[in-house]
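A.B. asks: So that we are looking at the same thing, I have put the structure below in structure tokens.
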Amino acid sequence: MGKFKKVVSIILLIVLVFSNVSVYASTSGADYVTREEAVAMLLDTIGLGTLNETVNDLTSFHDAAEVDAKYADKIGIAVTNNILVGNNSRILPKDYITRIELAMVISRSIRELPDIKPVETFSDLTQSQAVTVNRLIKAGLMYGYGNGLFGANDYVTRDQLSAILSRISNLSNTRPQDDFYYAMNYKWLTSTRLPDGYPSYTAFDEVNLSNTNRLKEIVNDVVSKADQWKTGSKEQKMAALYSTIMDVENRNKQGFEPIKQYLDAIDNVLSVKELLSLSATMEEKTGLNPLFTFSPSVDLVDSTRYSLYGTGITTELPAAYLTSGNQQVEALYQGFISELFKLCGEDEAGASEVAKTILDFEKLMAQHTMSNELASKVENIYNPYDIDELAKLFPEVDLKAYLAQLGYRDVKTIVVTDPGLMEKTGAILSDENIDTLKVYAKYRVIVNTASYLSKDLENALIVFNSTFLGIGSTISEEDKAFTLINAVMGNYLGKIYVEKYFTEEAKKDVESIVKEIIGVYRKRIENLDWMSETTKKAAIKKLNATKLKIGYPDNWPDPLAGISLRTYEEGSSLLENIFAVSSAVVRESKQLLNKAVDKSGWIVPPHTVNAFYNHTSNEIIFPAGILQPPFYDVNASREQNLGGIGTIIAHEITHAFDNNGAQFDENGNMSNWWTLEDYETFQQKCQAIIDLYNIEIGPDAVVSGVLTLSENVADIGAMACILEIAKTIPDVDYEELFESYANIWRQTATSAMYSLLTVQDTHAPNKLRVNQVLRIFQEFYDTYNVTPDDVMYLAPEKRVTIW
């Protein structure tokens, strides 16, 4: 037996040694795979279903004629989708493909992959290469040599490619015990194409597109009868706005002329005092403040009244990108700014100089901007300042005079959401910096109006966003028009939507589900073993006071009353119409300081596909738009609806008790209703959830457990509540419940979008909203026989629940 073990050990040693030798050492050129072969075989394996563009275009490459005719279509499609990247205008179809090149090609070809294997560390990869390679390693598609080397520059052999393609084909057999989200959504993830102009696409977007198609019919009907509507009617305003959006000829004729007067006015100011005065005047006239402003919002401590809020001079590009040191993003952004200024009359040199000034200015302001992680905690954004105290932060300007011109003469207290940024704003507002401030004010005017001016300006914005978010296409002109119409006239469209498509039966059914979930939630709070009776009573008091808004509002305010919208033929323009709407909104907002808060209103139109919890009203809102499949179906099983709309309802209820909601009482006021000991325990549990969600999900995409805490608490609390209800169902089908839950969170997106979401979004990526939640609950383990050897397994001591 000992000799046998020794022989086996020798054989294994030999195998390991030779497996670590570069393929150059033992493989003939005939066994290597060319770039064109590898790409064509890959696309044959994965199909074209998820690709944004299927156009065959090789015209930009000098060696396109070298592509074998049988591969031409696939190579063209790969190039169009940025799967295969050329080198100095050459596609190099006959060159052998290296392992790192193949890894890059595969990663660009497949947006969504499972996470079923541990990551590896390689000494022959750069940091960015390692991120891409490990994405494939986690999916079980590629491996290293076992000696710390990936073999980045080794050529790919036919056997290696065959093995990799076989593994790709086998992704359909991903086990739910290893990646439940991927296993349940495999077919959708591998066959869904991003709609034109979408960097991300979810089940919510699917339903929203369905709603949009319905609403488009309404808009098209109104527009087709444009000459029939009475002047000043909602229909006339809709038709006029639509006309100016679609009137590209007149928009192009005007170019940037509609904003020239504002740019010239900014150029003509000589001091910061004059610039602030001009900013206030522009805000009154257009609704757009080119520098910084203040606006009323519900006071967090006394939610019956409004307070004046301010932040300071914010950046147009998210501050997290400006402080990341990402030179590629900075170059893209600087080029975009330069292009805008060239289109507004600056020469090449002047535009380039201006762009650098603006980028440097935004990088400076970003350094003083509160991080998204800190801003996600409500206690950090409520900082009341006495007006005299705040004025001291502005030594070179008269802040009180500026506030008076904005319409806030009698305000005594201002809530500052970002003290560091406001302090830097006060310091930088001096005549010494007037040239930079003027340039930045001009940029703010241009970038915020580009979509409403000529097509070249609009396209510059589209190209930047497309590149920044990794989008290969744009939405149609008609869709752009509808999106803007919906933004401006959402209430009007929502009323028609409800009348046509929403039933009272659905409303009553959802109301009963909500009441049932609240009842179960109440019992769960009563049974918490970590909370004292004192805090339980306060929590239940808040739960009992929660208000429900389901379907649609009782009243339908008309935000466009008194606003005149006209066509180009009638002497107006798209930008003038937009300014008419935005200035009216600003005027109405400024009146709020003199009014009590009306908590009966809705914050979204009823066709919105989402759900909300409002801390300051202690209310949950379920618009009619979301009350349809896959979230809710009157004909679905109870388990399916619990996994769908049930978890969404319970999620919104849990927001009343997440790390932010826990700081508001039953009346929507920020106040402490906890005992000290209970709150300390609560924070410890929150920290355990933070630790659970600090995960790298892709190239340059690391989820922050701090940023996403409130949503993760709500997700986990929701599933706990729904499983409590499921226990009462005879012969409950947990598979239906869990699979329904996985289906509502399906998502596909560009890698650039995932990176943006991890930086900006308070929600975890949808895959984690499924997998990280389910691996906490024993019902999931029992249903799918999950064992410690499975990837979905989470050690019992890490399975944290709060509510």
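Residue numbering restarts at 1 for every chain of the structure tokens, chains are lettered A, B, ... in their displayed order, and ligands are numbered from 1 as they appear.
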Tell me, which residues of region 356-397 of chain A carry DSSP helix (DSSP H, G or I), written as a list in words?
C.D. replies: Lys356, Thr357, Ile358, Leu359, Asp360, Phe361, Glu362, Lys363, Leu364, Met365, Ala366, Gln367, Asn372, Glu373, Leu374, Ala375, Val378, Glu379, Asn380, Ile387, Asp388, Glu389, Leu390 and Ala391 of chain A
A.B. asks: Kindly export the residues of the current selection with N, CA, C and O atoms, as a compact mmCIF listing (two decimals), in the first residue's frame.
C.D. replies:
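Below is the file out29.txt, written as the result:
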# COMPACT_ATOMS: atom_id res chain seq x y z
N LYS A 356 -10.43 71.83 -19.14
CA LYS A 356 -9.48 71.50 -18.07
C LYS A 356 -9.81 72.28 -16.80
O LYS A 356 -9.75 71.74 -15.69
N THR A 357 -10.17 73.54 -16.97
CA THR A 357 -10.54 74.37 -15.81
C THR A 357 -11.73 73.77 -15.08
O THR A 357 -11.75 73.69 -13.84
N ILE A 358 -12.73 73.35 -15.84
CA ILE A 358 -13.94 72.79 -15.24
C ILE A 358 -13.65 71.46 -14.55
O ILE A 358 -14.13 71.21 -13.45
N LEU A 359 -12.87 70.60 -15.20
CA LEU A 359 -12.53 69.32 -14.60
C LEU A 359 -11.77 69.54 -13.29
O LEU A 359 -12.08 68.91 -12.27
N ASP A 360 -10.80 70.44 -13.30
CA ASP A 360 -10.03 70.71 -12.09
C ASP A 360 -10.93 71.28 -10.99
O ASP A 360 -10.78 70.92 -9.80
N PHE A 361 -11.87 72.13 -11.37
CA PHE A 361 -12.79 72.71 -10.39
C PHE A 361 -13.68 71.62 -9.78
O PHE A 361 -13.87 71.57 -8.56
N GLU A 362 -14.22 70.74 -10.61
CA GLU A 362 -15.07 69.69 -10.09
C GLU A 362 -14.28 68.72 -9.21
O GLU A 362 -14.80 68.23 -8.20
N LYS A 363 -13.04 68.45 -9.58
CA LYS A 363 -12.22 67.56 -8.74
C LYS A 363 -11.98 68.21 -7.37
O LYS A 363 -11.98 67.52 -6.34
N LEU A 364 -11.80 69.50 -7.36
CA LEU A 364 -11.62 70.22 -6.10
C LEU A 364 -12.87 70.13 -5.24
O LEU A 364 -12.80 69.81 -4.04
N MET A 365 -14.04 70.40 -5.84
CA MET A 365 -15.29 70.36 -5.08
C MET A 365 -15.62 68.93 -4.64
O MET A 365 -16.18 68.71 -3.56
N ALA A 366 -15.24 67.96 -5.45
CA ALA A 366 -15.51 66.56 -5.10
C ALA A 366 -14.74 66.15 -3.86
O ALA A 366 -15.22 65.33 -3.06
N GLN A 367 -13.55 66.70 -3.68
CA GLN A 367 -12.75 66.37 -2.50
C GLN A 367 -13.44 66.80 -1.21
O GLN A 367 -13.16 66.26 -0.13
N ASN A 372 -20.88 58.97 -0.60
CA ASN A 372 -22.19 58.35 -0.69
C ASN A 372 -22.49 57.50 0.53
O ASN A 372 -23.65 57.40 0.97
N GLU A 373 -21.47 56.84 1.07
CA GLU A 373 -21.67 56.02 2.27
C GLU A 373 -22.15 56.89 3.44
O GLU A 373 -23.08 56.51 4.15
N LEU A 374 -21.51 58.03 3.64
CA LEU A 374 -21.92 58.91 4.73
C LEU A 374 -23.29 59.54 4.45
O LEU A 374 -24.13 59.65 5.35
N ALA A 375 -23.52 59.91 3.19
CA ALA A 375 -24.79 60.55 2.83
C ALA A 375 -25.96 59.59 2.92
O ALA A 375 -27.12 60.01 2.98
N VAL A 378 -29.12 59.07 7.33
CA VAL A 378 -29.95 60.27 7.42
C VAL A 378 -29.44 61.26 8.45
O VAL A 378 -29.58 62.48 8.29
N GLU A 379 -28.83 60.77 9.52
CA GLU A 379 -28.34 61.67 10.56
C GLU A 379 -27.22 62.58 10.07
O GLU A 379 -26.97 63.64 10.66
N ASN A 380 -26.55 62.19 8.99
CA ASN A 380 -25.45 62.99 8.47
C ASN A 380 -25.90 64.13 7.56
O ASN A 380 -25.11 65.05 7.30
N ILE A 387 -28.97 81.31 10.44
CA ILE A 387 -28.59 82.06 9.25
C ILE A 387 -27.32 82.87 9.47
O ILE A 387 -26.47 82.97 8.57
N ASP A 388 -27.14 83.43 10.67
CA ASP A 388 -25.91 84.20 10.94
C ASP A 388 -24.69 83.28 10.98
O ASP A 388 -23.61 83.64 10.51
N GLU A 389 -24.90 82.11 11.53
CA GLU A 389 -23.81 81.11 11.59
C GLU A 389 -23.40 80.70 10.18
O GLU A 389 -22.21 80.59 9.86
N LEU A 390 -24.40 80.45 9.32
CA LEU A 390 -24.09 80.03 7.95
C LEU A 390 -23.44 81.16 7.17
O LEU A 390 -22.52 80.91 6.37
N ALA A 391 -23.89 82.38 7.38
CA ALA A 391 -23.34 83.52 6.65
C ALA A 391 -21.85 83.70 6.91
O ALA A 391 -21.11 84.19 6.04
A.B. asks: Find the spatial neighbours of region 310-317 of chain A, counting only C-alpha atoms, within a cut-off of 8 Å - ignore same-chain residues fewer than 4 positions away - and output them as a list in words.
C.D. replies: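 The filter keeps Leu291, Phe292, Thr293, Phe294, Ser295, Tyr321, Leu322, Glu362, Met365, Ala366, Thr369, Ile414, Val415, Val416, Thr417, Asp418, Pro419, Leu421, Met422, Glu423, Thr425 and Arg444 of chain A.
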A.B. asks: Now that the selection is made, can you save its residues with C-alpha atoms as a compact mmCIF listing (two decimals), in the first residue's frame?
C.D. replies:
# COMPACT_ATOMS: atom_id res chain seq x y z
CA LEU A 291 -24.23 77.98 -9.56
CA PHE A 292 -25.97 76.79 -6.39
CA THR A 293 -29.29 77.34 -4.68
CA PHE A 294 -31.52 76.50 -1.73
CA SER A 295 -34.95 74.86 -1.75
CA TYR A 321 -15.58 59.24 -9.98
CA LEU A 322 -13.78 62.56 -9.65
CA GLU A 362 -15.07 69.69 -10.09
CA MET A 365 -15.29 70.36 -5.08
CA ALA A 366 -15.51 66.56 -5.10
CA THR A 369 -18.22 66.38 -1.03
CA ILE A 414 -31.18 76.52 6.98
CA VAL A 415 -30.59 72.77 6.98
CA VAL A 416 -27.26 71.96 5.33
CA THR A 417 -27.06 68.46 3.84
CA ASP A 418 -23.30 68.56 3.25
CA PRO A 419 -21.48 70.87 5.69
CA LEU A 421 -19.19 71.14 0.69
CA MET A 422 -21.12 74.18 1.89
CA GLU A 423 -18.05 75.41 3.76
CA THR A 425 -18.56 76.77 -1.43
CA ARG A 444 -23.91 74.22 -15.95
A.B. asks: If you run DSSP over the backbone, which residues in region 54-187 of chain A end up strand (DSSP E or B)? Put them as a list in words.
C.D. replies: Tyr96, Thr98, Tyr155 and Thr157 of chain A
A.B. asks: Which residues are near region 233-240 of chain A? Cut-off 7 Å, only C-alpha atoms, ignore same chain within fewer than 5 positions. Put them as a VMD selection string.
C.D. replies: chain A and resid 222 to 223 226 565 to 567
A.B. asks: So that I can see what lies close to region 519-526 of chain A, please list as a list in words the residues with an atom at most 8 Å from it, counting only C-alpha atoms and leaving out residues fewer than 4 positions away in the same chain.
C.D. replies: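 Listing them by chain and then by number gives Lys515, Lys536, Ala539, Ile540, Leu543, Cys721, Glu724, Ile725 and Trp803 of chain A.
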A.B. asks: When you look at Val133 (chain A) with a cut-off of 7 Å (counting only C-alpha atoms), what residues show up, excluding the ones that are within fewer than 4 positions of it in the same chain? I need them as a list in words.
C.D. replies: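 The neighbour list is Ala103, Gln129 and Ile137 of chain A.
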A.B. asks: Which is closest to Ala78 (chain A) among A:Arg799, A:Arg769, A:His368, A:Arg108, if we use only C-alpha atoms?
C.D. replies: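 Going through A:Arg799, A:Arg769, A:His368, A:Arg108 one by one, the smallest distance to Ala78 (chain A) is for A:Arg108.
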A.B. asks: Name the residues in contact with Gln760 (chain A) at a cut-off of 12 Å, using only C-alpha atoms, excluding same-chain residues fewer than 3 positions from it; report them as a PyMOL selection string.
C.D. replies: chain A and resi 317-321+371-376+701-704+706-708+753-757+763-765
A.B. asks: Using only C-alpha atoms for the distances, tell me which of A:Ala561, A:Ala183, A:Ala163, A:Ala718 is nearest to Gly232 (chain A).
C.D. replies: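 With only C-alpha atoms as the atom set, the closest residue is A:Ala561.
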A.B. asks: Please report the interatomic distance between CA of Thr45 (chain A) and CA of Leu165 (chain A) in Å with one decimal.
C.D. replies: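 These atoms are spaced 6.7 Å apart.
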A.B. asks: Quick one: everything within 12 Å of Val85 (chain A), counting only C-alpha atoms, minus sequence neighbours fewer than 5 positions away in the same chain. Send it as a PDB file with C-alpha atoms, in the first residue's frame.
C.D. replies:
ATOM      1  CA  ARG A  35      -8.485  35.246 -33.286  1.00  0.00           C
ATOM      2  CA  GLU A  36     -11.160  34.815 -35.952  1.00  0.00           C
ATOM      3  CA  VAL A  39     -14.442  34.583 -31.738  1.00  0.00           C
ATOM      4  CA  LEU A  58     -15.377  45.774 -40.613  1.00  0.00           C
ATOM      5  CA  SER A  60     -12.628  50.606 -40.261  1.00  0.00           C
ATOM      6  CA  PHE A  61      -9.932  47.905 -40.438  1.00  0.00           C
ATOM      7  CA  ILE A  75     -16.234  38.890 -36.672  1.00  0.00           C
ATOM      8  CA  GLY A  76     -18.217  41.916 -37.848  1.00  0.00           C
ATOM      9  CA  ILE A  77     -20.787  41.419 -35.099  1.00  0.00           C
ATOM     10  CA  ALA A  78     -18.025  40.997 -32.515  1.00  0.00           C
ATOM     11  CA  VAL A  79     -16.381  44.237 -33.598  1.00  0.00           C
ATOM     12  CA  THR A  80     -19.702  46.127 -33.586  1.00  0.00           C
ATOM     13  CA  ARG A  90      -6.011  46.147 -37.825  1.00  0.00           C
ATOM     14  CA  ILE A  91      -8.217  43.263 -36.705  1.00  0.00           C
ATOM     15  CA  LEU A  92      -5.419  40.661 -36.934  1.00  0.00           C
ATOM     16  CA  PRO A  93      -7.756  37.755 -37.777  1.00  0.00           C
ATOM     17  CA  GLU A 101      -7.145  37.994 -25.131  1.00  0.00           C
ATOM     18  CA  LEU A 102      -9.594  35.122 -25.016  1.00  0.00           C
ATOM     19  CA  MET A 104     -11.246  39.579 -22.464  1.00  0.00           C
ATOM     20  CA  VAL A 105     -13.317  38.420 -25.436  1.00  0.00           C
ATOM     21  CA  ARG A 108     -17.150  41.176 -23.167  1.00  0.00           C
TER      22      ARG A 108
END
A.B. asks: One number please: CA of Ile620 (chain A) to CA of Asp554 (chain A), in Å, one decimal.
C.D. replies: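 Distance between the two atoms: 15.3 Å.
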A.B. asks: Pick out the closest residue to Gly426 (chain A) from this set: A:Phe394, A:Tyr32, A:Phe464, A:Tyr793. Count only C-alpha atoms.
C.D. replies: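 Of all the options, A:Phe394 lies closest to Gly426 (chain A).
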A.B. asks: Using only C-alpha atoms, which residue out of A:Pro796, A:Glu112, A:Asn669, A:Asp558 lies closest to Tyr182 (chain A)?
C.D. replies: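 Nearest to Tyr182 (chain A): A:Glu112.
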A.B. asks: From the list A:Asn52, A:Gln177, A:Ile802, A:Ile106, which residue is nearest Leu528 (chain A) when using only C-alpha atoms?
C.D. replies: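 Of A:Asn52, A:Gln177, A:Ile802, A:Ile106, the one nearest Leu528 (chain A) is A:Ile802, counting only C-alpha atoms.
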A.B. asks: When you count only C-alpha atoms, which of these residues is closest to Asp761 (chain A): A:Glu779, A:Glu711, A:Glu283, A:Glu619?
C.D. replies: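 Among A:Glu779, A:Glu711, A:Glu283, A:Glu619, it is A:Glu711 that comes nearest to Asp761 (chain A).
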A.B. asks: To one decimal place in Å, what is the distance between CA of Pro605 (chain A) and CA of Ile485 (chain A)?
C.D. replies: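 That distance, rounded to one decimal, is 12.8 Å.
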